[in-house]
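Note: the block below is model.txt and it holds compact mmCIF, N, CA and C atoms.
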# COMPACT_ATOMS: atom_id res chain seq x y z
N GLY A 1 106.46 30.13 -77.97
CA GLY A 1 106.42 31.58 -77.76
C GLY A 1 106.09 32.30 -79.04
N GLY A 2 104.91 32.04 -79.59
CA GLY A 2 104.54 32.71 -80.84
C GLY A 2 104.17 34.15 -80.59
N LYS A 3 103.89 34.86 -81.66
CA LYS A 3 103.58 36.29 -81.60
C LYS A 3 102.44 36.54 -80.62
N ARG A 4 101.45 35.66 -80.60
CA ARG A 4 100.26 35.97 -79.78
C ARG A 4 100.54 35.90 -78.29
N HIS A 5 101.64 35.29 -77.88
CA HIS A 5 101.95 35.24 -76.45
C HIS A 5 102.99 36.27 -76.05
N ARG A 6 103.41 37.09 -76.99
CA ARG A 6 104.38 38.15 -76.66
C ARG A 6 103.69 39.17 -75.79
N LEU A 7 104.39 39.68 -74.82
CA LEU A 7 103.79 40.65 -73.91
C LEU A 7 104.02 42.08 -74.39
N GLY A 8 104.81 42.24 -75.41
CA GLY A 8 105.06 43.58 -75.92
C GLY A 8 105.07 43.57 -77.43
N ASP A 9 105.59 44.60 -77.99
CA ASP A 9 105.75 44.70 -79.44
C ASP A 9 107.24 44.78 -79.74
N ASP A 10 107.64 44.17 -80.84
CA ASP A 10 109.00 44.37 -81.33
C ASP A 10 108.91 45.35 -82.47
N TRP A 11 109.53 46.47 -82.30
CA TRP A 11 109.53 47.50 -83.33
C TRP A 11 110.86 47.46 -84.04
N ASN A 12 110.81 47.19 -85.35
CA ASN A 12 112.02 47.07 -86.14
C ASN A 12 111.86 47.93 -87.37
N ALA A 13 112.96 48.45 -87.87
CA ALA A 13 112.91 49.26 -89.10
C ALA A 13 112.44 48.39 -90.26
N ASN A 14 111.70 49.00 -91.19
CA ASN A 14 111.24 48.28 -92.38
C ASN A 14 112.40 47.72 -93.17
N THR A 15 113.56 48.33 -93.01
CA THR A 15 114.73 47.88 -93.76
C THR A 15 115.30 46.60 -93.19
N GLY A 16 114.85 46.21 -92.00
CA GLY A 16 115.18 44.89 -91.45
C GLY A 16 116.62 44.75 -91.00
N GLY A 17 116.96 43.53 -90.62
CA GLY A 17 118.33 43.24 -90.20
C GLY A 17 118.77 44.15 -89.08
N ASN A 18 120.03 44.56 -89.13
CA ASN A 18 120.56 45.45 -88.09
C ASN A 18 120.55 46.90 -88.54
N SER A 19 119.70 47.23 -89.52
CA SER A 19 119.75 48.57 -90.10
C SER A 19 119.36 49.65 -89.10
N ASP A 20 118.66 49.29 -88.03
CA ASP A 20 118.30 50.34 -87.06
C ASP A 20 119.16 50.30 -85.80
N LEU A 21 120.27 49.57 -85.85
CA LEU A 21 121.19 49.53 -84.71
C LEU A 21 121.67 50.95 -84.40
N GLY A 22 121.52 51.36 -83.14
CA GLY A 22 121.97 52.69 -82.74
C GLY A 22 120.96 53.80 -83.00
N HIS A 23 119.82 53.47 -83.61
CA HIS A 23 118.79 54.49 -83.83
C HIS A 23 118.23 54.94 -82.48
N PRO A 24 117.73 56.17 -82.42
CA PRO A 24 117.24 56.69 -81.15
C PRO A 24 115.95 56.03 -80.68
N ILE A 25 115.82 55.92 -79.37
CA ILE A 25 114.58 55.51 -78.72
C ILE A 25 114.09 56.72 -77.94
N TYR A 26 112.84 57.08 -78.13
CA TYR A 26 112.28 58.26 -77.47
C TYR A 26 111.26 57.82 -76.41
N SER A 27 111.19 58.56 -75.32
CA SER A 27 110.19 58.28 -74.30
C SER A 27 108.79 58.49 -74.90
N ILE A 28 107.88 57.56 -74.62
CA ILE A 28 106.53 57.65 -75.19
C ILE A 28 105.69 58.71 -74.49
N ALA A 29 106.13 59.16 -73.29
CA ALA A 29 105.35 60.14 -72.54
C ALA A 29 106.26 60.73 -71.46
N HIS A 30 105.80 61.81 -70.84
CA HIS A 30 106.52 62.35 -69.68
C HIS A 30 106.55 61.25 -68.62
N GLY A 31 107.64 61.19 -67.85
CA GLY A 31 107.67 60.17 -66.82
C GLY A 31 108.92 60.22 -65.98
N TYR A 32 109.03 59.23 -65.13
CA TYR A 32 110.07 59.11 -64.12
C TYR A 32 110.80 57.79 -64.36
N VAL A 33 112.11 57.85 -64.49
CA VAL A 33 112.90 56.64 -64.76
C VAL A 33 113.03 55.82 -63.47
N THR A 34 112.51 54.60 -63.49
CA THR A 34 112.54 53.76 -62.29
C THR A 34 113.61 52.69 -62.35
N GLU A 35 114.11 52.37 -63.55
CA GLU A 35 115.16 51.35 -63.62
C GLU A 35 115.99 51.52 -64.88
N VAL A 36 117.30 51.41 -64.69
CA VAL A 36 118.24 51.28 -65.81
C VAL A 36 119.17 50.15 -65.39
N LYS A 37 119.09 49.02 -66.09
CA LYS A 37 119.86 47.87 -65.63
C LYS A 37 120.10 46.91 -66.78
N ASP A 38 121.30 46.34 -66.84
CA ASP A 38 121.56 45.26 -67.79
C ASP A 38 121.14 43.96 -67.13
N HIS A 39 120.05 43.40 -67.61
CA HIS A 39 119.52 42.15 -67.04
C HIS A 39 120.14 40.92 -67.67
N LYS A 40 121.06 41.13 -68.65
CA LYS A 40 121.73 40.01 -69.33
C LYS A 40 120.68 39.08 -69.97
N GLY A 41 121.05 37.82 -70.16
CA GLY A 41 120.10 36.86 -70.75
C GLY A 41 119.49 37.37 -72.03
N GLY A 42 118.21 37.15 -72.19
CA GLY A 42 117.51 37.58 -73.39
C GLY A 42 117.11 39.05 -73.36
N TRP A 43 117.30 39.70 -72.22
CA TRP A 43 116.83 41.07 -72.07
C TRP A 43 117.87 42.11 -72.43
N GLY A 44 119.09 41.92 -71.93
CA GLY A 44 120.11 42.95 -72.11
C GLY A 44 119.75 44.20 -71.33
N PRO A 45 120.30 45.34 -71.75
CA PRO A 45 120.02 46.59 -71.04
C PRO A 45 118.55 46.99 -71.15
N VAL A 46 117.95 47.24 -69.99
CA VAL A 46 116.52 47.56 -69.90
C VAL A 46 116.35 48.92 -69.25
N LEU A 47 115.40 49.67 -69.78
CA LEU A 47 115.02 50.97 -69.23
C LEU A 47 113.54 50.91 -68.91
N ARG A 48 113.17 51.32 -67.69
CA ARG A 48 111.76 51.37 -67.30
C ARG A 48 111.40 52.79 -66.88
N ILE A 49 110.27 53.28 -67.40
CA ILE A 49 109.80 54.64 -67.09
C ILE A 49 108.34 54.56 -66.66
N VAL A 50 108.01 55.23 -65.57
CA VAL A 50 106.61 55.29 -65.11
C VAL A 50 106.00 56.61 -65.55
N HIS A 51 104.81 56.54 -66.11
CA HIS A 51 104.10 57.71 -66.62
C HIS A 51 102.74 57.81 -65.94
N GLU A 52 102.29 59.04 -65.75
CA GLU A 52 100.91 59.23 -65.27
C GLU A 52 100.09 59.67 -66.47
N VAL A 53 99.08 58.89 -66.79
CA VAL A 53 98.22 59.17 -67.94
C VAL A 53 96.78 59.18 -67.46
N ASP A 54 96.11 60.30 -67.61
CA ASP A 54 94.71 60.42 -67.18
C ASP A 54 94.52 59.94 -65.74
N GLY A 55 95.45 60.32 -64.86
CA GLY A 55 95.31 59.97 -63.44
C GLY A 55 95.69 58.54 -63.10
N GLU A 56 96.14 57.77 -64.08
CA GLU A 56 96.55 56.39 -63.80
C GLU A 56 98.02 56.23 -64.17
N TYR A 57 98.69 55.29 -63.52
CA TYR A 57 100.10 55.07 -63.80
C TYR A 57 100.28 53.91 -64.76
N VAL A 58 101.15 54.11 -65.74
CA VAL A 58 101.55 53.02 -66.62
C VAL A 58 103.07 53.03 -66.68
N GLU A 59 103.62 51.88 -66.99
CA GLU A 59 105.07 51.77 -67.08
C GLU A 59 105.44 51.35 -68.50
N SER A 60 106.40 52.06 -69.08
CA SER A 60 106.94 51.62 -70.36
C SER A 60 108.28 50.96 -70.09
N LEU A 61 108.54 49.90 -70.83
CA LEU A 61 109.76 49.12 -70.67
C LEU A 61 110.41 48.98 -72.04
N TYR A 62 111.67 49.39 -72.13
CA TYR A 62 112.42 49.35 -73.39
C TYR A 62 113.57 48.38 -73.19
N ALA A 63 113.63 47.32 -73.98
CA ALA A 63 114.66 46.29 -73.77
C ALA A 63 115.59 46.18 -74.97
N HIS A 64 116.72 45.51 -74.75
CA HIS A 64 117.79 45.28 -75.73
C HIS A 64 118.46 46.58 -76.14
N CYS A 65 118.48 47.59 -75.27
CA CYS A 65 119.06 48.88 -75.64
C CYS A 65 120.57 48.73 -75.88
N GLN A 66 121.08 49.58 -76.76
CA GLN A 66 122.53 49.63 -76.98
C GLN A 66 123.14 50.58 -75.95
N GLU A 67 122.64 51.82 -75.92
CA GLU A 67 123.09 52.81 -74.95
C GLU A 67 121.85 53.36 -74.26
N ILE A 68 121.98 53.70 -72.98
CA ILE A 68 120.88 54.35 -72.26
C ILE A 68 121.43 55.67 -71.73
N PHE A 69 120.72 56.76 -72.03
CA PHE A 69 121.23 58.11 -71.73
C PHE A 69 120.66 58.70 -70.45
N VAL A 70 119.78 57.98 -69.78
CA VAL A 70 119.16 58.49 -68.56
C VAL A 70 119.54 57.56 -67.41
N LYS A 71 119.28 58.01 -66.20
CA LYS A 71 119.57 57.16 -65.04
C LYS A 71 118.36 57.11 -64.13
N THR A 72 118.33 56.12 -63.27
CA THR A 72 117.24 55.96 -62.32
C THR A 72 117.05 57.27 -61.56
N GLY A 73 115.80 57.71 -61.46
CA GLY A 73 115.50 58.95 -60.75
C GLY A 73 115.33 60.15 -61.66
N ASP A 74 115.71 60.01 -62.94
CA ASP A 74 115.55 61.13 -63.87
C ASP A 74 114.09 61.32 -64.25
N TRP A 75 113.71 62.56 -64.52
CA TRP A 75 112.42 62.87 -65.12
C TRP A 75 112.64 63.08 -66.60
N VAL A 76 111.79 62.54 -67.42
CA VAL A 76 111.92 62.71 -68.87
C VAL A 76 110.62 63.27 -69.44
N LYS A 77 110.74 63.89 -70.59
CA LYS A 77 109.56 64.41 -71.29
C LYS A 77 109.26 63.52 -72.49
N ARG A 78 108.02 63.55 -72.93
CA ARG A 78 107.65 62.83 -74.12
C ARG A 78 108.55 63.28 -75.26
N GLY A 79 109.12 62.32 -75.98
CA GLY A 79 109.97 62.66 -77.11
C GLY A 79 111.44 62.82 -76.76
N ASP A 80 111.78 62.79 -75.46
CA ASP A 80 113.20 62.83 -75.09
C ASP A 80 113.90 61.58 -75.61
N LYS A 81 115.12 61.76 -76.11
CA LYS A 81 115.93 60.61 -76.54
C LYS A 81 116.49 59.96 -75.28
N VAL A 82 116.03 58.77 -74.97
CA VAL A 82 116.41 58.12 -73.72
C VAL A 82 117.42 56.98 -73.92
N ALA A 83 117.49 56.45 -75.15
CA ALA A 83 118.36 55.30 -75.39
C ALA A 83 118.54 55.11 -76.89
N THR A 84 119.33 54.11 -77.25
CA THR A 84 119.44 53.73 -78.66
C THR A 84 119.13 52.24 -78.79
N ILE A 85 118.70 51.87 -79.99
CA ILE A 85 118.30 50.49 -80.29
C ILE A 85 119.54 49.61 -80.36
N GLY A 86 119.47 48.49 -79.67
CA GLY A 86 120.59 47.56 -79.67
C GLY A 86 120.19 46.19 -80.21
N ASN A 87 121.13 45.27 -80.12
CA ASN A 87 120.86 43.90 -80.57
C ASN A 87 121.26 42.89 -79.50
N ASN A 88 121.28 43.37 -78.24
CA ASN A 88 121.62 42.52 -77.09
C ASN A 88 122.93 41.78 -77.35
N ASN A 89 123.95 42.56 -77.62
CA ASN A 89 125.29 42.00 -77.88
C ASN A 89 125.30 40.95 -78.98
N GLY A 90 124.56 41.23 -80.05
CA GLY A 90 124.58 40.35 -81.20
C GLY A 90 123.65 39.15 -81.12
N GLN A 91 122.85 39.08 -80.05
CA GLN A 91 121.94 37.95 -79.89
C GLN A 91 120.79 37.98 -80.90
N TYR A 92 120.37 39.16 -81.29
CA TYR A 92 119.25 39.32 -82.21
C TYR A 92 119.63 40.33 -83.26
N TYR A 93 118.80 40.44 -84.31
CA TYR A 93 118.85 41.63 -85.14
C TYR A 93 118.39 42.77 -84.27
N ALA A 94 118.93 43.95 -84.53
CA ALA A 94 118.59 45.12 -83.73
C ALA A 94 117.09 45.41 -83.81
N HIS A 95 116.46 45.60 -82.65
CA HIS A 95 115.07 46.02 -82.59
C HIS A 95 114.79 46.52 -81.18
N LEU A 96 113.71 47.23 -81.05
CA LEU A 96 113.25 47.67 -79.74
C LEU A 96 112.17 46.73 -79.26
N HIS A 97 112.36 46.13 -78.09
CA HIS A 97 111.28 45.37 -77.45
C HIS A 97 110.63 46.35 -76.48
N LEU A 98 109.38 46.71 -76.77
CA LEU A 98 108.66 47.70 -75.98
C LEU A 98 107.48 47.04 -75.31
N GLU A 99 107.37 47.21 -74.00
CA GLU A 99 106.21 46.73 -73.27
C GLU A 99 105.56 47.92 -72.56
N LEU A 100 104.25 47.85 -72.43
CA LEU A 100 103.51 48.83 -71.65
C LEU A 100 102.74 48.07 -70.61
N ARG A 101 102.90 48.46 -69.37
CA ARG A 101 102.30 47.72 -68.26
C ARG A 101 101.41 48.66 -67.46
N GLU A 102 100.18 48.22 -67.19
CA GLU A 102 99.29 49.06 -66.41
C GLU A 102 99.53 48.87 -64.92
N LYS A 103 100.39 47.91 -64.57
CA LYS A 103 100.84 47.76 -63.20
C LYS A 103 102.31 48.12 -63.17
N VAL A 104 102.66 49.02 -62.28
CA VAL A 104 104.04 49.50 -62.17
C VAL A 104 104.85 48.51 -61.34
N ASP A 105 106.09 48.31 -61.72
CA ASP A 105 107.03 47.49 -60.93
C ASP A 105 106.70 46.01 -60.90
N MET A 106 106.01 45.51 -61.91
CA MET A 106 105.82 44.06 -61.99
C MET A 106 107.20 43.44 -62.23
N PRO A 107 107.37 42.15 -61.88
CA PRO A 107 108.67 41.53 -62.17
C PRO A 107 108.95 41.57 -63.67
N LEU A 108 110.22 41.53 -64.02
CA LEU A 108 110.59 41.61 -65.43
C LEU A 108 109.94 40.48 -66.23
N GLY A 109 109.94 39.28 -65.69
CA GLY A 109 109.28 38.17 -66.38
C GLY A 109 110.08 37.68 -67.57
N GLY A 110 109.44 36.93 -68.43
CA GLY A 110 110.15 36.31 -69.54
C GLY A 110 109.86 36.92 -70.88
N GLY A 111 108.96 37.89 -70.95
CA GLY A 111 108.62 38.50 -72.23
C GLY A 111 107.55 37.75 -72.99
N TYR A 112 107.27 36.52 -72.55
CA TYR A 112 106.22 35.72 -73.19
C TYR A 112 105.35 35.15 -72.08
N SER A 113 104.04 35.21 -72.24
CA SER A 113 103.16 34.58 -71.26
C SER A 113 101.76 34.51 -71.81
N ARG A 114 101.00 33.52 -71.39
CA ARG A 114 99.59 33.48 -71.77
C ARG A 114 98.80 34.43 -70.88
N GLU A 115 99.37 34.75 -69.71
CA GLU A 115 98.71 35.65 -68.76
C GLU A 115 99.06 37.08 -69.13
N LYS A 116 98.08 37.79 -69.68
CA LYS A 116 98.37 39.14 -70.17
C LYS A 116 97.90 40.22 -69.20
N LYS A 117 97.41 39.83 -68.04
CA LYS A 117 96.92 40.81 -67.08
C LYS A 117 98.05 41.78 -66.72
N GLY A 118 97.72 43.05 -66.76
CA GLY A 118 98.72 44.05 -66.42
C GLY A 118 99.46 44.60 -67.61
N TYR A 119 99.26 43.97 -68.78
CA TYR A 119 99.97 44.44 -69.98
C TYR A 119 99.00 45.12 -70.94
N LEU A 120 99.47 46.15 -71.60
CA LEU A 120 98.68 46.87 -72.59
C LEU A 120 99.33 46.69 -73.95
N ASP A 121 98.54 46.85 -75.01
CA ASP A 121 99.10 46.77 -76.35
C ASP A 121 99.75 48.12 -76.67
N PRO A 122 101.08 48.16 -76.79
CA PRO A 122 101.75 49.46 -76.94
C PRO A 122 101.27 50.25 -78.15
N THR A 123 101.13 49.60 -79.28
CA THR A 123 100.76 50.33 -80.50
C THR A 123 99.37 50.94 -80.36
N VAL A 124 98.44 50.15 -79.87
CA VAL A 124 97.05 50.62 -79.69
C VAL A 124 97.02 51.76 -78.67
N TYR A 125 97.72 51.57 -77.55
CA TYR A 125 97.69 52.54 -76.47
C TYR A 125 98.30 53.87 -76.91
N ILE A 126 99.44 53.81 -77.57
CA ILE A 126 100.11 55.04 -77.98
C ILE A 126 99.25 55.81 -78.98
N LYS A 127 98.65 55.11 -79.93
CA LYS A 127 97.77 55.77 -80.89
C LYS A 127 96.59 56.45 -80.19
N ALA A 128 96.03 55.76 -79.20
CA ALA A 128 94.87 56.28 -78.49
C ALA A 128 95.20 57.50 -77.63
N HIS A 129 96.43 57.58 -77.16
CA HIS A 129 96.81 58.64 -76.21
C HIS A 129 97.72 59.70 -76.81
N ARG A 130 97.88 59.68 -78.12
CA ARG A 130 98.71 60.73 -78.76
C ARG A 130 98.09 62.09 -78.51
N PRO A 131 98.92 63.08 -78.21
CA PRO A 131 98.36 64.43 -78.06
C PRO A 131 97.71 64.87 -79.38
N LYS A 132 96.58 65.51 -79.26
CA LYS A 132 95.83 65.91 -80.47
C LYS A 132 96.53 67.06 -81.15
Written as structure tokens, how would this file's structure read?
Amino acid sequence: GGKRHRLGDDWNANTGGNSDLGHPIYSIAHGYVTEVKDHKGGWGPVLRIVHEVDGEYVESLYAHCQEIFVKTGDWVKRGDKVATIGNNNGQYYAHLHLELREKVDMPLGGGYSREKKGYLDPTVYIKAHRPK
């Protein structure tokens, strides 16, 4: 499961370790919360939000959260604080596992796969779609 087979990006503070534990996670865009659930295992608490971008739907998935401040069915705006960065009950150093999926409601999966269909590169996508 090397970096190239990761389906998302791990965003960690430059200071490393658990230095970003509890830091805020903001919604990448306006959207509708479709799932808030502790999936246990390697995922921990997961938040999924569906966004409409240029007439198409994408889903953002935030994993290993410490706290989640929204619930299924909520509408959120870009930049809303939706959760905090966790470490999946000490399983990892604190970081945000962020996935962007161009197919909504795909199964959670394992976070690693050679099949990348349906997944977008979060960093590239967010840069491309930032409001001017």
Query raised in the report: Any idea what the distance is between CA of Ser19 (chain A) and CA of Tyr125 (chain A)?
Result: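 Atom-to-atom, CA of Ser19 (chain A) to CA of Tyr125 (chain A), that is 26.2 Å.
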Requested in this report: Work out how far apart atom C of Val76 (chain A) and atom N of Glu52 (chain A) are and give it in Å to one decimal.
Outcome: 10.0 Å
Find the residues of region 48-70 of chain A that sit at most 6.5 Å from region 79-95 of chain A; for each, write down the nearest two atoms and how far apart they are in Å, to one decimal. Count only N, CA and C atoms. Sort by chain, then by number going up, and give it as a tab-separated table.
residue	atom	partner	partner_atom	distance
A:Ala63	C	A:His95	C	6.3
A:His64	C	A:Gly86	N	4.1
A:Cys65	C	A:Gly86	N	4.0
A:Gln66	N	A:Gly86	N	3.5
A:Glu67	C	A:Thr84	N	4.0
A:Ile68	CA	A:Ala83	CA	4.1
A:Phe69	N	A:Val82	C	3.8
A:Val70	N	A:Val82	C	4.9
Since we have the selection now, will you write its residues out, keeping N, CA and C atoms, as a compact mmCIF listing (two decimals), keeping the file's coordinate frame?
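Printed below is part32.txt as written:
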# COMPACT_ATOMS: atom_id res chain seq x y z
N ALA A 63 113.63 47.32 -73.98
CA ALA A 63 114.66 46.29 -73.77
C ALA A 63 115.59 46.18 -74.97
N HIS A 64 116.72 45.51 -74.75
CA HIS A 64 117.79 45.28 -75.73
C HIS A 64 118.46 46.58 -76.14
N CYS A 65 118.48 47.59 -75.27
CA CYS A 65 119.06 48.88 -75.64
C CYS A 65 120.57 48.73 -75.88
N GLN A 66 121.08 49.58 -76.76
CA GLN A 66 122.53 49.63 -76.98
C GLN A 66 123.14 50.58 -75.95
N GLU A 67 122.64 51.82 -75.92
CA GLU A 67 123.09 52.81 -74.95
C GLU A 67 121.85 53.36 -74.26
N ILE A 68 121.98 53.70 -72.98
CA ILE A 68 120.88 54.35 -72.26
C ILE A 68 121.43 55.67 -71.73
N PHE A 69 120.72 56.76 -72.03
CA PHE A 69 121.23 58.11 -71.73
C PHE A 69 120.66 58.70 -70.45
N VAL A 70 119.78 57.98 -69.78
CA VAL A 70 119.16 58.49 -68.56
C VAL A 70 119.54 57.56 -67.41
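Here the DSSP assignment of alpha helix (DSSP H), based on backbone atoms, applies within chain A to A:Pro122, A:Thr123, A:Val124, A:Tyr125, A:Ile126, A:Lys127, A:Ala128, A:His129.
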Query raised in the report: Rounded to one decimal in Å, what is the spacing between atom C of Leu120 (chain A) and CA of Lys77 (chain A)?
Result: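 Here the two named atoms are 20.6 Å from each other.
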Write out as a tab-separated table (two decimals) with N, CA and C atoms, in the coordinates of the input all residues of chain A that backbone DSSP assigns to strand (DSSP E or B).
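Dumped to result27.tsv:
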chain	number	residue	atom	x	y	z
A	6	ARG	N	103.41	37.09	-76.99
A	6	ARG	CA	104.38	38.15	-76.66
A	6	ARG	C	103.69	39.17	-75.79
A	9	ASP	N	105.59	44.60	-77.99
A	9	ASP	CA	105.75	44.70	-79.44
A	9	ASP	C	107.24	44.78	-79.74
A	10	ASP	N	107.64	44.17	-80.84
A	10	ASP	CA	109.00	44.37	-81.33
A	10	ASP	C	108.91	45.35	-82.47
A	11	TRP	N	109.53	46.47	-82.30
A	11	TRP	CA	109.53	47.50	-83.33
A	11	TRP	C	110.86	47.46	-84.04
A	24	PRO	N	117.73	56.17	-82.42
A	24	PRO	CA	117.24	56.69	-81.15
A	24	PRO	C	115.95	56.03	-80.68
A	25	ILE	N	115.82	55.92	-79.37
A	25	ILE	CA	114.58	55.51	-78.72
A	25	ILE	C	114.09	56.72	-77.94
A	26	TYR	N	112.84	57.08	-78.13
A	26	TYR	CA	112.28	58.26	-77.47
A	26	TYR	C	111.26	57.82	-76.41
A	31	GLY	N	107.64	61.19	-67.85
A	31	GLY	CA	107.67	60.17	-66.82
A	31	GLY	C	108.92	60.22	-65.98
A	32	TYR	N	109.03	59.23	-65.13
A	32	TYR	CA	110.07	59.11	-64.12
A	32	TYR	C	110.80	57.79	-64.36
A	33	VAL	N	112.11	57.85	-64.49
A	33	VAL	CA	112.90	56.64	-64.76
A	33	VAL	C	113.03	55.82	-63.47
A	34	THR	N	112.51	54.60	-63.49
A	34	THR	CA	112.54	53.76	-62.29
A	34	THR	C	113.61	52.69	-62.35
A	35	GLU	N	114.11	52.37	-63.55
A	35	GLU	CA	115.16	51.35	-63.62
A	35	GLU	C	115.99	51.52	-64.88
A	36	VAL	N	117.30	51.41	-64.69
A	36	VAL	CA	118.24	51.28	-65.81
A	36	VAL	C	119.17	50.15	-65.39
A	37	LYS	N	119.09	49.02	-66.09
A	37	LYS	CA	119.86	47.87	-65.63
A	37	LYS	C	120.10	46.91	-66.78
A	38	ASP	N	121.30	46.34	-66.84
A	38	ASP	CA	121.56	45.26	-67.79
A	38	ASP	C	121.14	43.96	-67.13
A	45	PRO	N	120.30	45.34	-71.75
A	45	PRO	CA	120.02	46.59	-71.04
A	45	PRO	C	118.55	46.99	-71.15
A	46	VAL	N	117.95	47.24	-69.99
A	46	VAL	CA	116.52	47.56	-69.90
A	46	VAL	C	116.35	48.92	-69.25
A	47	LEU	N	115.40	49.67	-69.78
A	47	LEU	CA	115.02	50.97	-69.23
A	47	LEU	C	113.54	50.91	-68.91
A	48	ARG	N	113.17	51.32	-67.69
A	48	ARG	CA	111.76	51.37	-67.30
A	48	ARG	C	111.40	52.79	-66.88
A	49	ILE	N	110.27	53.28	-67.40
A	49	ILE	CA	109.80	54.64	-67.09
A	49	ILE	C	108.34	54.56	-66.66
A	50	VAL	N	108.01	55.23	-65.57
A	50	VAL	CA	106.61	55.29	-65.11
A	50	VAL	C	106.00	56.61	-65.55
A	51	HIS	N	104.81	56.54	-66.11
A	51	HIS	CA	104.10	57.71	-66.62
A	51	HIS	C	102.74	57.81	-65.94
A	52	GLU	N	102.29	59.04	-65.75
A	52	GLU	CA	100.91	59.23	-65.27
A	52	GLU	C	100.09	59.67	-66.47
A	53	VAL	N	99.08	58.89	-66.79
A	53	VAL	CA	98.22	59.17	-67.94
A	53	VAL	C	96.78	59.18	-67.46
A	56	GLU	N	96.14	57.77	-64.08
A	56	GLU	CA	96.55	56.39	-63.80
A	56	GLU	C	98.02	56.23	-64.17
A	57	TYR	N	98.69	55.29	-63.52
A	57	TYR	CA	100.10	55.07	-63.80
A	57	TYR	C	100.28	53.91	-64.76
A	58	VAL	N	101.15	54.11	-65.74
A	58	VAL	CA	101.55	53.02	-66.62
A	58	VAL	C	103.07	53.03	-66.68
A	59	GLU	N	103.62	51.88	-66.99
A	59	GLU	CA	105.07	51.77	-67.08
A	59	GLU	C	105.44	51.35	-68.50
A	60	SER	N	106.40	52.06	-69.08
A	60	SER	CA	106.94	51.62	-70.36
A	60	SER	C	108.28	50.96	-70.09
A	61	LEU	N	108.54	49.90	-70.83
A	61	LEU	CA	109.76	49.12	-70.67
A	61	LEU	C	110.41	48.98	-72.04
A	62	TYR	N	111.67	49.39	-72.13
A	62	TYR	CA	112.42	49.35	-73.39
A	62	TYR	C	113.57	48.38	-73.19
A	63	ALA	N	113.63	47.32	-73.98
A	63	ALA	CA	114.66	46.29	-73.77
A	63	ALA	C	115.59	46.18	-74.97
A	65	CYS	N	118.48	47.59	-75.27
A	65	CYS	CA	119.06	48.88	-75.64
A	65	CYS	C	120.57	48.73	-75.88
A	66	GLN	N	121.08	49.58	-76.76
A	66	GLN	CA	122.53	49.63	-76.98
A	66	GLN	C	123.14	50.58	-75.95
A	67	GLU	N	122.64	51.82	-75.92
A	67	GLU	CA	123.09	52.81	-74.95
A	67	GLU	C	121.85	53.36	-74.26
A	68	ILE	N	121.98	53.70	-72.98
A	68	ILE	CA	120.88	54.35	-72.26
A	68	ILE	C	121.43	55.67	-71.73
A	75	TRP	N	113.71	62.56	-64.52
A	75	TRP	CA	112.42	62.87	-65.12
A	75	TRP	C	112.64	63.08	-66.60
A	76	VAL	N	111.79	62.54	-67.42
A	76	VAL	CA	111.92	62.71	-68.87
A	76	VAL	C	110.62	63.27	-69.44
A	81	LYS	N	115.12	61.76	-76.11
A	81	LYS	CA	115.93	60.61	-76.54
A	81	LYS	C	116.49	59.96	-75.28
A	82	VAL	N	116.03	58.77	-74.97
A	82	VAL	CA	116.41	58.12	-73.72
A	82	VAL	C	117.42	56.98	-73.92
A	83	ALA	N	117.49	56.45	-75.15
A	83	ALA	CA	118.36	55.30	-75.39
A	83	ALA	C	118.54	55.11	-76.89
A	84	THR	N	119.33	54.11	-77.25
A	84	THR	CA	119.44	53.73	-78.66
A	84	THR	C	119.13	52.24	-78.79
A	85	ILE	N	118.70	51.87	-79.99
A	85	ILE	CA	118.30	50.49	-80.29
A	85	ILE	C	119.54	49.61	-80.36
A	96	LEU	N	113.71	47.23	-81.05
A	96	LEU	CA	113.25	47.67	-79.74
A	96	LEU	C	112.17	46.73	-79.26
A	97	HIS	N	112.36	46.13	-78.09
A	97	HIS	CA	111.28	45.37	-77.45
A	97	HIS	C	110.63	46.35	-76.48
A	98	LEU	N	109.38	46.71	-76.77
A	98	LEU	CA	108.66	47.70	-75.98
A	98	LEU	C	107.48	47.04	-75.31
A	99	GLU	N	107.37	47.21	-74.00
A	99	GLU	CA	106.21	46.73	-73.27
A	99	GLU	C	105.56	47.92	-72.56
A	100	LEU	N	104.25	47.85	-72.43
A	100	LEU	CA	103.51	48.83	-71.65
A	100	LEU	C	102.74	48.07	-70.61
A	101	ARG	N	102.90	48.46	-69.37
A	101	ARG	CA	102.30	47.72	-68.26
A	101	ARG	C	101.41	48.66	-67.46
A	112	TYR	N	107.27	36.52	-72.55
A	112	TYR	CA	106.22	35.72	-73.19
A	112	TYR	C	105.35	35.15	-72.08
A	119	TYR	N	99.26	43.97	-68.78
A	119	TYR	CA	99.97	44.44	-69.98
A	119	TYR	C	99.00	45.12	-70.94
A	120	LEU	N	99.47	46.15	-71.60
A	120	LEU	CA	98.68	46.87	-72.59
A	120	LEU	C	99.33	46.69	-73.95
**Report entry** Nearest candidate to Asp74 (chain A) (options A:Thr34, A:Lys127, A:Ile25, A:Tyr119; using all atoms listed in the file)
**Finding:** A:Thr34
Report task. Compile the contact shell of Tyr62 (chain A) as a ChimeraX atom specification: residues with an atom at most 9 Å away, counting only C-alpha atoms, same-chain residues fewer than 4 positions apart removed. Result -> /A:25,45-49,83,96-99
Report task. List the neighbours of Val58 (chain A) out to 6 Å using all atoms listed in the file; skip same-chain residues closer than 4 positions along the sequence, and give me the result as a list in words. Result -> Ile49, Val50, His51, Glu52, Val53, Arg101, Glu102, Lys103 and Val104 of chain A
Query raised in the report: For Leu61 (chain A), which of A:Gly42, A:His129, A:Leu100, A:Arg78 is the closest residue, counting all atoms listed in the file?
Result: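 Checking each of A:Gly42, A:His129, A:Leu100, A:Arg78 against Leu61 (chain A), counting all atoms listed in the file, the winner is A:Leu100.
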